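*Asks:* After the structure tokens below, expect a handful of questions from me.
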Amino acid sequence: VAAGPLLSSFSFSLLRLALLRLFLGGGGAPPAPRPGEVALDLCCGTGDVAFALAARGAVVTGIDFSPAMLAEARRRTGRPPVTFVQGDAMALPVADASVDVVTVAYGLRNVADVGRALAEWRRVLRPGGRVVVLEFGKPPHLAWRWLYFQYLRWVVPVFGRLFCGDADTHGYILESLVRYPGQRGIDERLRALGFREARGVDLMGGAMSLNVAIR
């Protein structure tokens, strides 16, 4: 999960919640990956999501733009097998209609062109394939959004300075989130591209979000 070391345990707790909603919660969520299904985990970071998918029997490729992140992922031994490849989420080295599941956790807001990325993911998905996006969100309640953004603006950089020696380590989160269309915007873009059953799930009052859709 590409959210930085300070947020790694927090992010993974949210990831586990999101995976439970996605794979076990029902309520219209896409079905769990079946053994042998092909999954792409994009902006894979050190591989948390990729390894979780592989543990369910999926054939997983993790793709990230950062060689350093991929090197760390490859060093994680004793995990289910995952292939890690350097690549761009907007131009995947993958054939058309060859993937069953595309996931991205805390990475979509850092992509230069969100619309282009979503269209690319639709290209590689088979009919009936699922896309799942776990990301920082924009709370719909304005007061909560203001408090949340103030926290990201002032408190998170202090943590970055104290624990990582660099305020910018996590200070970029707010900047990237301001540019990000948020969970409602992602839902609209997925629908416009022809995805079916697109929906957004607010976590923590919308401070985090889960977008899911079917090709």
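Labeling convention for the structure tokens: chains A, B, ... as they appear, residues from 1 per chain, ligands from 1 in order of appearance.
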Identify, on the basis of only C-alpha atoms, every residue whose closest approach to Pro139 (chain A) does not exceed 7 Å; exclude the query and any residue fewer than 4 positions from it along the same chain; express the result as number ranges by chain.
*Replies:* A: 144-145, 205-207
*Asks:* Please identify every residue of region 46-163 of chain A that has at least one atom no farther than 6 Å from an atom of region 172-182 of chain A, counting only C-alpha atoms, and for each give the shortest atom pair and the distance in Å to one decimal, arranged by chain then increasing number, as a Markdown table.
*Replies:*
| residue | atom | partner | partner_atom | distance |
| --- | --- | --- | --- | --- |
| A:Arg109 | CA | A:Tyr180 | CA | 5.3 |
| A:Gly137 | CA | A:Gly182 | CA | 5.5 |
| A:Lys138 | CA | A:Gly182 | CA | 5.4 |
| A:Leu152 | CA | A:Leu174 | CA | 5.8 |
*Asks:* Run DSSP on the backbone and give me the residues of region 171-210 of chain A it puts in strand (DSSP E or B), as a ChimeraX atom specification.
*Replies:* /A:196-203,208-210
*Asks:* Would you kindly return, as a ChimeraX atom specification, each protein, DNA or RNA residue with an atom no farther than 8 Å from any atom of Val49 (chain A), considering only C-alpha atoms and excluding same-chain residues fewer than 2 positions away?
*Replies:* /A:1,15,41,44,47,51-53,103,105
*Asks:* When distances are computed from only C-alpha atoms, which of A:Val101, A:Met208, A:Leu70, A:Ala58 shows the smallest separation from Leu40 (chain A)?
*Replies:* A:Val101
*Asks:* Ranking A:Glu120, A:Glu72, A:Asp187, A:Asp202 by minimum distance to Val99 (chain A) and counting only C-alpha atoms, which one comes first?
*Replies:*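 Counting only C-alpha atoms, the residue closest to Val99 (chain A) is A:Glu120.
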*Asks:* Please identify the alpha helix (DSSP H) residues within region 30-80 of chain A (assignment by DSSP from backbone atoms) and present them as a PyMOL selection string.
*Replies:* chain A and resi 48-55+67-74
*Asks:* Could you give me, as a tab-separated table, a per-residue list for region 77-153 of chain A showing, wherever an atom lies at most 12 Å from an atom of region 195-198 of chain A, the closest pair of atoms and their distance in Å to one decimal, using only C-alpha atoms and sorting by chain then residue number from low to high?
*Replies:*
residue	atom	partner	partner_atom	distance
A:Leu118	CA	A:Phe195	CA	10.0
A:Ala119	CA	A:Phe195	CA	10.0
A:Trp121	CA	A:Phe195	CA	10.7
A:Arg122	CA	A:Phe195	CA	7.9
A:Arg123	CA	A:Phe195	CA	11.2
A:Leu125	CA	A:Phe195	CA	10.6
A:Arg126	CA	A:Phe195	CA	11.6
A:Pro127	CA	A:Phe195	CA	9.7
A:Gly128	CA	A:Arg196	CA	8.8
A:Gly129	CA	A:Phe195	CA	9.6
A:Arg130	CA	A:Phe195	CA	9.1
A:Val131	CA	A:Phe195	CA	9.1
A:Val132	CA	A:Ala198	CA	9.9
A:Val133	CA	A:Ala198	CA	11.2
*Asks:* Could you jot down the CA of Gly62 (chain A) to CA of Val82 (chain A) separation for me, Å, one decimal place?
*Replies:*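 Here the two named atoms are 6.9 Å from each other.
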*Asks:* Of the residues A:Met69, A:Leu193, A:Leu162, A:Ala97, which is the one nearest to Arg116 (chain A), using only C-alpha atoms?
*Replies:*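 Smallest separation from Arg116 (chain A) among the options: A:Leu193.
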*Asks:* Please, what distance in Å, to one decimal, runs between CA of Ala39 (chain A) and CA of Asp113 (chain A)?
*Replies:*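 Atom-to-atom, CA of Ala39 (chain A) to CA of Asp113 (chain A), that is 22.0 Å.
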